[in-house]
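Novice: Attaching a single structure in structure tokens format; questions to follow.
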Amino acid sequence: MSFLQSLLGGGSNELIGLDISSSAVKLIELARRGERYSVEAYAVEPLPANVVNEKQITDPKSVGEAIARAIARAGTRTRNAAIAVAGASVITKTITMSASLKEADMEEQIKAEADQYIPYSLDDVNLDFQVIGVSPKNPANVDVQLAACRKELIEQRVAALEIAGLVAKVIDIESYALENACPLLYHQMPDLGRHKTIALFDIGASMTSLLVLHDRNPVYTREQAFGGRQLTDDIMRFYNMSYADAGRGKRMGGLPENYETEVLAGFISDLTLQIDRALQFFFSAATQHRNIDALVLAGGCAHIPGIDVAVQDRLKLQTSVARPFAQMGVAARAKPAQLARDEASLLIAAGLALRAFDEVEA
Ligand SMILES: Nc1ncnc2c1ncn2[C@@H]1O[C@H](COP(=O)(O)OP(=O)(O)OP(=O)(O)O)[C@@H](O)[C@H]1O
Ligand SMILES: [Mg+2]
């Protein structure tokens with residue numbers, strides 16, 4: 001599902017997935033031959049601190065310039081992009097409508113009644129809808145999912161893209177993009193995820209998203225404000241370093257010798273605690289699920305060396321680091337060695353890039 005897509009035109013076969021996140025602009029372009037995908041282009045361009053805050057772009061110019069650098073570095077000619085807005089900025093609602101309505105009539109009726117469903121004026125939101133299927137309660141009806149996003153949030157992103165000469169062809173929701181990327185992780189799940197309950201943690205810079213899959217279907221999601229930015233802040237404070245140097249040190253090494261014991265160890269304890277707590281929330285909210293068969297760690301924090309072993313030891317759960325591109329070919333231009341260092345943080349970008357192959361509605 002890609003919401004808000006119809007507002008801006010249909011899908012396209014040439015599309016880059018662009019994740020504008022709090023620490024970086026991340027770009028992935030995929031190609032498909034038969035059933036096999038390959039990575040054609042990729043780039044991660046770090047952003048200065050606080051130009052994307054709480055998922056809002058506060059400085060479109062800096063972001064636009066970072067996108068332009070990412071495009072240049074990736075060496076792609078594709079100018080159509082799929083981007084995402086944060087789930088918290090989108091209101092979704094499922095309503096029931098008569099199955100006999102044509103799409104255009106459905107749209108009219110939704111617009112006329114929208115104020116019943118969403119707490120904003122229609123002038124301030126982009127509204128999209130999608131028929132999910134026949135209503136289970138009454139076969140004469142269909143369930144329709146509405147999505148509304150404040151125009152301002154979309155406009156910020158579109159403005160940043162325009163600075164880099166890109167067109168937003170698909171606007172998705174982050175959590176859906178994450179779900180859309182999950183098939184790329186089946187290969188590392190026990191029994192390929194079939195009949196298993198798998199918890200995927202995307203631990204980014206400012207946010208941690210939990211997505212639980214059961215038998216490959218999403219059954220639970222939750223976001224919490226926790227991420228690698230806390231570790232960056234700890235490093236800045238402990239060693240009196242700049243944001244950029246602390247960020248580079250974490251990824252590339254070269255921090256003082258006592259970093260692991262004095263700074264990193266505390267962060268890993270916190271991270272494990274956050275995972276454990278999120279799982280407890282899941283068990284109490286979804287009482288039909290009593291256990292988790294495996295954990296998959298994603299987001300930049302999954303690249304902390306040894307994090308999978310540390311989490312597995314403490315939580316006694318089989319744990320691996322997300323490898324969405326493990327089964328893909330990687331073009332030389334997409335710098336395979338570097339891609340491997342960023343792989344786990346690219347799930348949302350990959351989920352967006354996969355939109356290129358969605359069936360386009362007639
Ligand atoms: N090798 C590494 N070791 C330690 N930390 C790393 C490593 N690689 C990336 N990180 C950290 O991961 C975080 C970035 O992860 P990611 O790219 O998933 O975040 P984001 O998507 O920008 O954030 P959010 O989703 O919260 O907006 C940063 O804090 C970064 O320093
Ligand atoms: Mg992220």
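Order determines the names: the first chain of the structure tokens is A, the second B, and so forth; residues in each chain are numbered 1 upward, and ligands are numbered 1 upward as they are shown.
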What does the list of residues within 9 Å of ligand 2 look like if you count only C-alpha atoms and all ligand atoms, written as a list in words?
Specialist: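 Within the 9 Å cut-off, the matching residues are Asp19, Ile20, Ser21, Ser22, Ser23, Ala24, Glu174, Asp202, Ile203, Gly204, Ala205, Ser206, Met207, Thr208, Ser209, Gly299, Gly300, Ser345, Leu346, Leu347, Ile348 and Ala349 of chain A.
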Novice: If you count only C-alpha atoms, which residues fall within 12 Å of Ile110 of chain A, apart from same-chain ones fewer than 2 positions away, as a PyMOL selection string?
Specialist: chain A and resi 93-98+101+103-108+112-118+122+127-130+144-148
Novice: Take the selection from the previous step and output its residues with N, CA, C and O atoms, as a short mmCIF file (atom, residue, chain, number, x, y, z; two decimals), in the first residue's frame.
Specialist:
```cif
data_model
loop_
_atom_site.label_atom_id
_atom_site.label_comp_id
_atom_site.auth_asym_id
_atom_site.auth_seq_id
_atom_site.Cartn_x
_atom_site.Cartn_y
_atom_site.Cartn_z
N LYS A 93 -7.71 5.86 8.94
CA LYS A 93 -8.99 5.44 9.48
C LYS A 93 -9.64 4.49 8.49
O LYS A 93 -9.58 4.72 7.29
N THR A 94 -10.25 3.45 8.99
CA THR A 94 -10.97 2.54 8.09
C THR A 94 -12.46 2.83 8.19
O THR A 94 -13.02 2.87 9.28
N ILE A 95 -13.08 3.07 7.04
CA ILE A 95 -14.52 3.32 7.02
C ILE A 95 -15.18 2.29 6.10
O ILE A 95 -14.51 1.60 5.34
N THR A 96 -16.49 2.21 6.20
CA THR A 96 -17.23 1.26 5.38
C THR A 96 -18.09 2.02 4.38
O THR A 96 -18.74 3.00 4.74
N MET A 97 -18.04 1.61 3.13
CA MET A 97 -18.85 2.27 2.12
C MET A 97 -19.55 1.22 1.25
O MET A 97 -19.12 0.07 1.22
N SER A 98 -20.57 1.66 0.52
CA SER A 98 -21.28 0.74 -0.34
C SER A 98 -20.37 0.23 -1.46
O SER A 98 -19.67 1.01 -2.10
N LEU A 101 -20.45 1.74 -5.17
CA LEU A 101 -19.95 3.07 -5.57
C LEU A 101 -18.77 2.97 -6.52
O LEU A 101 -17.88 2.16 -6.33
N GLU A 103 -15.28 4.59 -8.08
CA GLU A 103 -14.18 5.26 -7.40
C GLU A 103 -14.40 6.78 -7.30
O GLU A 103 -14.19 7.39 -6.25
N ALA A 104 -14.87 7.38 -8.40
CA ALA A 104 -15.05 8.84 -8.40
C ALA A 104 -16.14 9.25 -7.41
O ALA A 104 -16.00 10.26 -6.70
N ASP A 105 -17.21 8.45 -7.35
CA ASP A 105 -18.30 8.76 -6.40
C ASP A 105 -17.83 8.58 -4.97
O ASP A 105 -18.20 9.33 -4.07
N MET A 106 -16.99 7.55 -4.80
CA MET A 106 -16.44 7.29 -3.48
C MET A 106 -15.64 8.51 -3.02
O MET A 106 -15.77 8.98 -1.90
N GLU A 107 -14.84 9.04 -3.92
CA GLU A 107 -14.01 10.20 -3.61
C GLU A 107 -14.88 11.39 -3.21
O GLU A 107 -14.61 12.06 -2.21
N GLU A 108 -15.94 11.62 -3.99
CA GLU A 108 -16.85 12.72 -3.68
C GLU A 108 -17.42 12.57 -2.28
O GLU A 108 -17.44 13.50 -1.47
N ALA A 112 -16.93 14.88 1.04
CA ALA A 112 -18.07 15.52 1.68
C ALA A 112 -18.15 15.18 3.17
O ALA A 112 -18.59 15.98 3.99
N GLU A 113 -17.68 13.98 3.50
CA GLU A 113 -17.84 13.53 4.90
C GLU A 113 -16.54 13.56 5.69
O GLU A 113 -16.52 13.14 6.85
N ALA A 114 -15.47 14.05 5.05
CA ALA A 114 -14.14 13.91 5.67
C ALA A 114 -14.06 14.51 7.07
O ALA A 114 -13.34 14.00 7.92
N ASP A 115 -14.81 15.59 7.26
CA ASP A 115 -14.72 16.25 8.59
C ASP A 115 -15.20 15.33 9.72
O ASP A 115 -14.86 15.56 10.87
N GLN A 116 -15.94 14.31 9.37
CA GLN A 116 -16.34 13.34 10.42
C GLN A 116 -15.17 12.45 10.82
O GLN A 116 -15.17 11.86 11.89
N TYR A 117 -14.22 12.31 9.91
CA TYR A 117 -13.17 11.31 10.15
C TYR A 117 -11.85 11.92 10.60
O TYR A 117 -11.06 11.27 11.25
N ILE A 118 -11.59 13.14 10.15
CA ILE A 118 -10.28 13.72 10.48
C ILE A 118 -10.44 15.08 11.15
O ILE A 118 -11.34 15.85 10.81
N LEU A 122 -10.08 20.25 5.40
CA LEU A 122 -9.63 19.62 4.16
C LEU A 122 -8.60 20.45 3.43
O LEU A 122 -7.77 19.93 2.67
N LEU A 127 -5.34 14.15 1.27
CA LEU A 127 -6.19 13.03 1.65
C LEU A 127 -6.08 11.96 0.57
O LEU A 127 -6.05 12.27 -0.60
N ASP A 128 -5.99 10.74 0.99
CA ASP A 128 -5.96 9.65 0.02
C ASP A 128 -6.79 8.50 0.59
O ASP A 128 -7.02 8.42 1.80
N PHE A 129 -7.24 7.62 -0.28
CA PHE A 129 -7.98 6.46 0.22
C PHE A 129 -7.71 5.26 -0.66
O PHE A 129 -7.27 5.38 -1.79
N GLN A 130 -7.97 4.10 -0.09
CA GLN A 130 -7.72 2.86 -0.80
C GLN A 130 -8.75 1.83 -0.35
O GLN A 130 -8.97 1.68 0.86
N VAL A 144 -12.78 0.76 3.44
CA VAL A 144 -11.92 1.72 2.73
C VAL A 144 -11.01 2.36 3.77
O VAL A 144 -11.47 2.77 4.83
N GLN A 145 -9.73 2.40 3.46
CA GLN A 145 -8.81 3.03 4.39
C GLN A 145 -8.50 4.46 3.92
O GLN A 145 -8.14 4.68 2.77
N LEU A 146 -8.70 5.39 4.83
CA LEU A 146 -8.38 6.80 4.54
C LEU A 146 -7.03 7.12 5.16
O LEU A 146 -6.69 6.62 6.22
N ALA A 147 -6.30 8.01 4.49
CA ALA A 147 -5.07 8.52 5.08
C ALA A 147 -5.04 10.03 4.86
O ALA A 147 -5.33 10.50 3.76
N ALA A 148 -4.76 10.75 5.91
CA ALA A 148 -4.68 12.21 5.80
C ALA A 148 -3.37 12.66 6.42
O ALA A 148 -3.00 12.22 7.50
#
```
Novice: Check the smallest atom-to-atom distance from each of A:Pro324, A:Ala302, A:Ala344, A:Glu262 to Asn180 of chain A using only C-alpha atoms, then report the winner.
Specialist: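 Among A:Pro324, A:Ala302, A:Ala344, A:Glu262, it is A:Pro324 that comes nearest to Asn180 of chain A.
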Novice: If DSSP is run on the backbone, what residues of segment 36-79 of chain A are helix (DSSP H, G or I)? A reply as a PyMOL selection string would be ideal.
Specialist: chain A and resi 60-74
Novice: Just N, CA and C atoms for this one: save the residues we selected as an mmCIF file, in the first residue's frame.
Specialist:
```cif
data_model
loop_
_atom_site.group_PDB
_atom_site.id
_atom_site.type_symbol
_atom_site.label_atom_id
_atom_site.label_comp_id
_atom_site.auth_asym_id
_atom_site.auth_seq_id
_atom_site.Cartn_x
_atom_site.Cartn_y
_atom_site.Cartn_z
ATOM 1 N N PRO A 60 14.875 23.089 4.975
ATOM 2 C CA PRO A 60 14.756 22.398 3.684
ATOM 3 C C PRO A 60 15.979 22.608 2.792
ATOM 4 N N LYS A 61 16.634 23.767 2.923
ATOM 5 C CA LYS A 61 17.780 24.040 2.050
ATOM 6 C C LYS A 61 18.931 23.071 2.352
ATOM 7 N N SER A 62 19.286 22.917 3.629
ATOM 8 C CA SER A 62 20.354 21.965 3.977
ATOM 9 C C SER A 62 19.993 20.559 3.529
ATOM 10 N N VAL A 63 18.717 20.197 3.731
ATOM 11 C CA VAL A 63 18.306 18.842 3.350
ATOM 12 C C VAL A 63 18.382 18.682 1.832
ATOM 13 N N GLY A 64 17.902 19.703 1.100
ATOM 14 C CA GLY A 64 17.943 19.662 -0.369
ATOM 15 C C GLY A 64 19.373 19.519 -0.865
ATOM 16 N N GLU A 65 20.271 20.244 -0.247
ATOM 17 C CA GLU A 65 21.677 20.166 -0.669
ATOM 18 C C GLU A 65 22.264 18.786 -0.365
ATOM 19 N N ALA A 66 21.869 18.221 0.764
ATOM 20 C CA ALA A 66 22.347 16.862 1.097
ATOM 21 C C ALA A 66 21.792 15.847 0.091
ATOM 22 N N ILE A 67 20.533 16.033 -0.317
ATOM 23 C CA ILE A 67 19.962 15.116 -1.324
ATOM 24 C C ILE A 67 20.757 15.235 -2.629
ATOM 25 N N ALA A 68 21.069 16.477 -3.010
ATOM 26 C CA ALA A 68 21.827 16.680 -4.249
ATOM 27 C C ALA A 68 23.197 15.992 -4.160
ATOM 28 N N ARG A 69 23.834 16.075 -3.004
ATOM 29 C CA ARG A 69 25.135 15.399 -2.840
ATOM 30 C C ARG A 69 24.964 13.881 -2.910
ATOM 31 N N ALA A 70 23.870 13.388 -2.307
ATOM 32 C CA ALA A 70 23.610 11.937 -2.341
ATOM 33 C C ALA A 70 23.413 11.465 -3.778
ATOM 34 N N ILE A 71 22.650 12.233 -4.549
ATOM 35 C CA ILE A 71 22.400 11.877 -5.951
ATOM 36 C C ILE A 71 23.719 11.847 -6.729
ATOM 37 N N ALA A 72 24.540 12.866 -6.504
ATOM 38 C CA ALA A 72 25.814 12.936 -7.225
ATOM 39 C C ALA A 72 26.694 11.755 -6.834
ATOM 40 N N ARG A 73 26.749 11.460 -5.546
ATOM 41 C CA ARG A 73 27.594 10.370 -5.078
ATOM 42 C C ARG A 73 27.102 9.016 -5.590
ATOM 43 N N ALA A 74 25.771 8.859 -5.640
ATOM 44 C CA ALA A 74 25.214 7.579 -6.098
ATOM 45 C C ALA A 74 25.400 7.409 -7.600
#
```
Novice: Tell me which of A:Lys102, A:Glu54, A:Pro136, A:Leu200 sits closest to Phe226 of chain A, counting only C-alpha atoms.
Specialist: A:Glu54
Novice: Leaving out segment 235-238 of chain A and any residue of its chain fewer than 2 positions from it, which residues lie within 9 Å of it when counting only C-alpha atoms, given as a ChimeraX atom specification?
Specialist: /A:230-233,240-243,245-247,249-250,255,259,262-264
Novice: Of the residues A:Val309, A:Ala181, A:Ala340, A:Ile163, which is the one nearest to ligand 1, using only C-alpha atoms and all ligand atoms?
Specialist: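 Among A:Val309, A:Ala181, A:Ala340, A:Ile163, it is A:Ala340 that comes nearest to ligand 1.
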Novice: When you count only C-alpha atoms and all ligand atoms, which of these residues is closest to ligand 1: A:Gln288, A:Asn126, A:Ser38, A:Asn50?
Specialist: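 When distances to ligand 1 are compared using only C-alpha atoms and all ligand atoms, the smallest one comes from A:Asn50.
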Novice: Enumerate the residues of segment 15-146 of chain A with a DSSP assignment of strand (DSSP E or B), computed from the backbone, and present them as a PyMOL selection string.
Specialist: chain A and resi 16-20+24-33+36-46+52-53+56-57+80-85+90-98+125-134+141-146
Novice: Rank A:Gln224, A:Asn138, A:Asn291, A:Ser89 by their smallest atom-to-atom distance to ligand 1, using only C-alpha atoms and all ligand atoms, and report the top residue only.
Specialist: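 Under the stated criterion, the closest residue is A:Gln224.
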Novice: Quick one: everything within 12 Å of Gly351 of chain A, counting only C-alpha atoms, minus sequence neighbours fewer than 2 positions away in the same chain. Send it as a ChimeraX atom specification.
Specialist: /A:1-2,15-19,26-30,82-84,170,172-185,324-325,345-349,353-358
Novice: Using only C-alpha atoms and all ligand atoms, which of A:Gly133, A:Gly165, A:Pro46, A:Gly75 sits nearest ligand 1?
Specialist: A:Pro46
Novice: For Ile307 of chain A, list every protein, DNA or RNA residue within 12 Å, evaluated using only C-alpha atoms, and leave out those in the same chain fewer than 3 positions away; present the list as a list in words.
Specialist: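 After dropping sequence-adjacent residues, the list is Ile203, Leu264, Ala265, Phe267, Ile268, Ser269, Leu271, Thr272, Leu295, Val296, Leu297, Ala298, Gly299, Gly300, Cys301, Ala302, His303, Ile304, Ala310, Val311, Gln312, Asp313, Arg314, Leu315, Thr319, Ser320, Val321 and Ala322 of chain A.
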Novice: Next, write the just-selected residues to a file, as a PDB file, in the first residue's frame, keeping N, CA and C atoms as the atom set.
Specialist:
```
ATOM      1  N   ILE A 203      16.542   0.596  15.066  1.00  0.00           N
ATOM      2  CA  ILE A 203      17.069   1.518  16.073  1.00  0.00           C
ATOM      3  C   ILE A 203      17.884   2.581  15.356  1.00  0.00           C
ATOM      4  N   LEU A 264      30.428   3.238  25.483  1.00  0.00           N
ATOM      5  CA  LEU A 264      29.593   2.319  24.702  1.00  0.00           C
ATOM      6  C   LEU A 264      28.861   1.298  25.573  1.00  0.00           C
ATOM      7  N   ALA A 265      29.536   0.785  26.590  1.00  0.00           N
ATOM      8  CA  ALA A 265      28.932  -0.281  27.401  1.00  0.00           C
ATOM      9  C   ALA A 265      27.613   0.188  28.022  1.00  0.00           C
ATOM     10  N   PHE A 267      25.625   2.487  26.901  1.00  0.00           N
ATOM     11  CA  PHE A 267      24.607   2.622  25.853  1.00  0.00           C
ATOM     12  C   PHE A 267      24.021   1.259  25.479  1.00  0.00           C
ATOM     13  N   ILE A 268      24.893   0.259  25.389  1.00  0.00           N
ATOM     14  CA  ILE A 268      24.399  -1.084  25.034  1.00  0.00           C
ATOM     15  C   ILE A 268      23.445  -1.604  26.122  1.00  0.00           C
ATOM     16  N   SER A 269      23.764  -1.327  27.386  1.00  0.00           N
ATOM     17  CA  SER A 269      22.846  -1.727  28.462  1.00  0.00           C
ATOM     18  C   SER A 269      21.490  -1.061  28.294  1.00  0.00           C
ATOM     19  N   LEU A 271      20.196   0.131  25.555  1.00  0.00           N
ATOM     20  CA  LEU A 271      19.541  -0.371  24.348  1.00  0.00           C
ATOM     21  C   LEU A 271      18.864  -1.722  24.629  1.00  0.00           C
ATOM     22  N   THR A 272      19.566  -2.568  25.342  1.00  0.00           N
ATOM     23  CA  THR A 272      18.995  -3.881  25.670  1.00  0.00           C
ATOM     24  C   THR A 272      17.747  -3.722  26.535  1.00  0.00           C
ATOM     25  N   LEU A 295      14.954 -12.198  17.120  1.00  0.00           N
ATOM     26  CA  LEU A 295      15.039 -10.744  16.979  1.00  0.00           C
ATOM     27  C   LEU A 295      15.882 -10.418  15.759  1.00  0.00           C
ATOM     28  N   VAL A 296      15.458  -9.390  15.018  1.00  0.00           N
ATOM     29  CA  VAL A 296      16.306  -8.859  13.960  1.00  0.00           C
ATOM     30  C   VAL A 296      16.551  -7.388  14.290  1.00  0.00           C
ATOM     31  N   LEU A 297      17.813  -7.003  14.323  1.00  0.00           N
ATOM     32  CA  LEU A 297      18.161  -5.623  14.650  1.00  0.00           C
ATOM     33  C   LEU A 297      18.477  -4.849  13.383  1.00  0.00           C
ATOM     34  N   ALA A 298      17.849  -3.687  13.225  1.00  0.00           N
ATOM     35  CA  ALA A 298      18.114  -2.838  12.064  1.00  0.00           C
ATOM     36  C   ALA A 298      18.368  -1.417  12.546  1.00  0.00           C
ATOM     37  N   GLY A 299      18.541  -0.504  11.598  1.00  0.00           N
ATOM     38  CA  GLY A 299      18.891   0.866  11.943  1.00  0.00           C
ATOM     39  C   GLY A 299      20.393   0.952  12.162  1.00  0.00           C
ATOM     40  N   GLY A 300      20.895   2.162  12.174  1.00  0.00           N
ATOM     41  CA  GLY A 300      22.350   2.354  12.294  1.00  0.00           C
ATOM     42  C   GLY A 300      22.924   1.713  13.536  1.00  0.00           C
ATOM     43  N   CYS A 301      22.151   1.669  14.630  1.00  0.00           N
ATOM     44  CA  CYS A 301      22.692   1.109  15.878  1.00  0.00           C
ATOM     45  C   CYS A 301      22.951  -0.386  15.769  1.00  0.00           C
ATOM     46  N   ALA A 302      22.326  -1.040  14.789  1.00  0.00           N
ATOM     47  CA  ALA A 302      22.584  -2.468  14.588  1.00  0.00           C
ATOM     48  C   ALA A 302      24.003  -2.698  14.083  1.00  0.00           C
ATOM     49  N   HIS A 303      24.666  -1.626  13.617  1.00  0.00           N
ATOM     50  CA  HIS A 303      26.047  -1.773  13.128  1.00  0.00           C
ATOM     51  C   HIS A 303      27.092  -1.625  14.234  1.00  0.00           C
ATOM     52  N   ILE A 304      26.649  -1.390  15.457  1.00  0.00           N
ATOM     53  CA  ILE A 304      27.613  -1.369  16.560  1.00  0.00           C
ATOM     54  C   ILE A 304      28.232  -2.763  16.644  1.00  0.00           C
ATOM     55  N   ALA A 310      25.664  -9.253  22.118  1.00  0.00           N
ATOM     56  CA  ALA A 310      25.350  -8.675  23.430  1.00  0.00           C
ATOM     57  C   ALA A 310      23.854  -8.804  23.733  1.00  0.00           C
ATOM     58  N   VAL A 311      23.013  -8.498  22.734  1.00  0.00           N
ATOM     59  CA  VAL A 311      21.567  -8.562  22.944  1.00  0.00           C
ATOM     60  C   VAL A 311      21.130 -10.024  23.132  1.00  0.00           C
ATOM     61  N   GLN A 312      21.680 -10.898  22.306  1.00  0.00           N
ATOM     62  CA  GLN A 312      21.323 -12.314  22.408  1.00  0.00           C
ATOM     63  C   GLN A 312      21.681 -12.885  23.785  1.00  0.00           C
ATOM     64  N   ASP A 313      22.871 -12.534  24.281  1.00  0.00           N
ATOM     65  CA  ASP A 313      23.304 -13.023  25.592  1.00  0.00           C
ATOM     66  C   ASP A 313      22.392 -12.534  26.701  1.00  0.00           C
ATOM     67  N   ARG A 314      22.028 -11.257  26.634  1.00  0.00           N
ATOM     68  CA  ARG A 314      21.252 -10.719  27.755  1.00  0.00           C
ATOM     69  C   ARG A 314      19.787 -11.094  27.702  1.00  0.00           C
ATOM     70  N   LEU A 315      19.213 -11.160  26.487  1.00  0.00           N
ATOM     71  CA  LEU A 315      17.773 -11.427  26.403  1.00  0.00           C
ATOM     72  C   LEU A 315      17.475 -12.899  26.106  1.00  0.00           C
ATOM     73  N   THR A 319      19.358 -13.641  17.865  1.00  0.00           N
ATOM     74  CA  THR A 319      19.411 -12.261  17.373  1.00  0.00           C
ATOM     75  C   THR A 319      20.342 -12.153  16.174  1.00  0.00           C
ATOM     76  N   SER A 320      19.891 -11.422  15.145  1.00  0.00           N
ATOM     77  CA  SER A 320      20.787 -11.180  14.012  1.00  0.00           C
ATOM     78  C   SER A 320      20.648  -9.737  13.556  1.00  0.00           C
ATOM     79  N   VAL A 321      21.616  -9.302  12.777  1.00  0.00           N
ATOM     80  CA  VAL A 321      21.610  -7.945  12.235  1.00  0.00           C
ATOM     81  C   VAL A 321      21.010  -7.987  10.828  1.00  0.00           C
ATOM     82  N   ALA A 322      20.106  -7.071  10.538  1.00  0.00           N
ATOM     83  CA  ALA A 322      19.379  -7.069   9.268  1.00  0.00           C
ATOM     84  C   ALA A 322      20.323  -6.985   8.073  1.00  0.00           C
TER      85      ALA A 322
END
```
Novice: Can you work out the spacing between atom 2 (C, counted along the ligand's line) of ligand 1 and atom CA of Gly306 of chain A in Å, to one decimal?
Specialist: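 Between these atoms lies a distance of 10.5 Å.
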Novice: Residues at most 8 Å from Ala140 of chain A, counting only C-alpha atoms, excluding those fewer than 5 positions away in the same chain, as a PyMOL selection string?
Specialist: chain A and resi 98-100+134-135
Novice: Have a look at atom CA of Gln280 of chain A and atom CA of Arg216 of chain A and let me know their distance in Å, one decimal.
Specialist: 20.6 Å
Novice: Just to confirm, what's the straight-line distance from atom CA of Lys151 of chain A to atom CA of Gln56 of chain A in Å (one decimal)?
Specialist: 12.3 Å
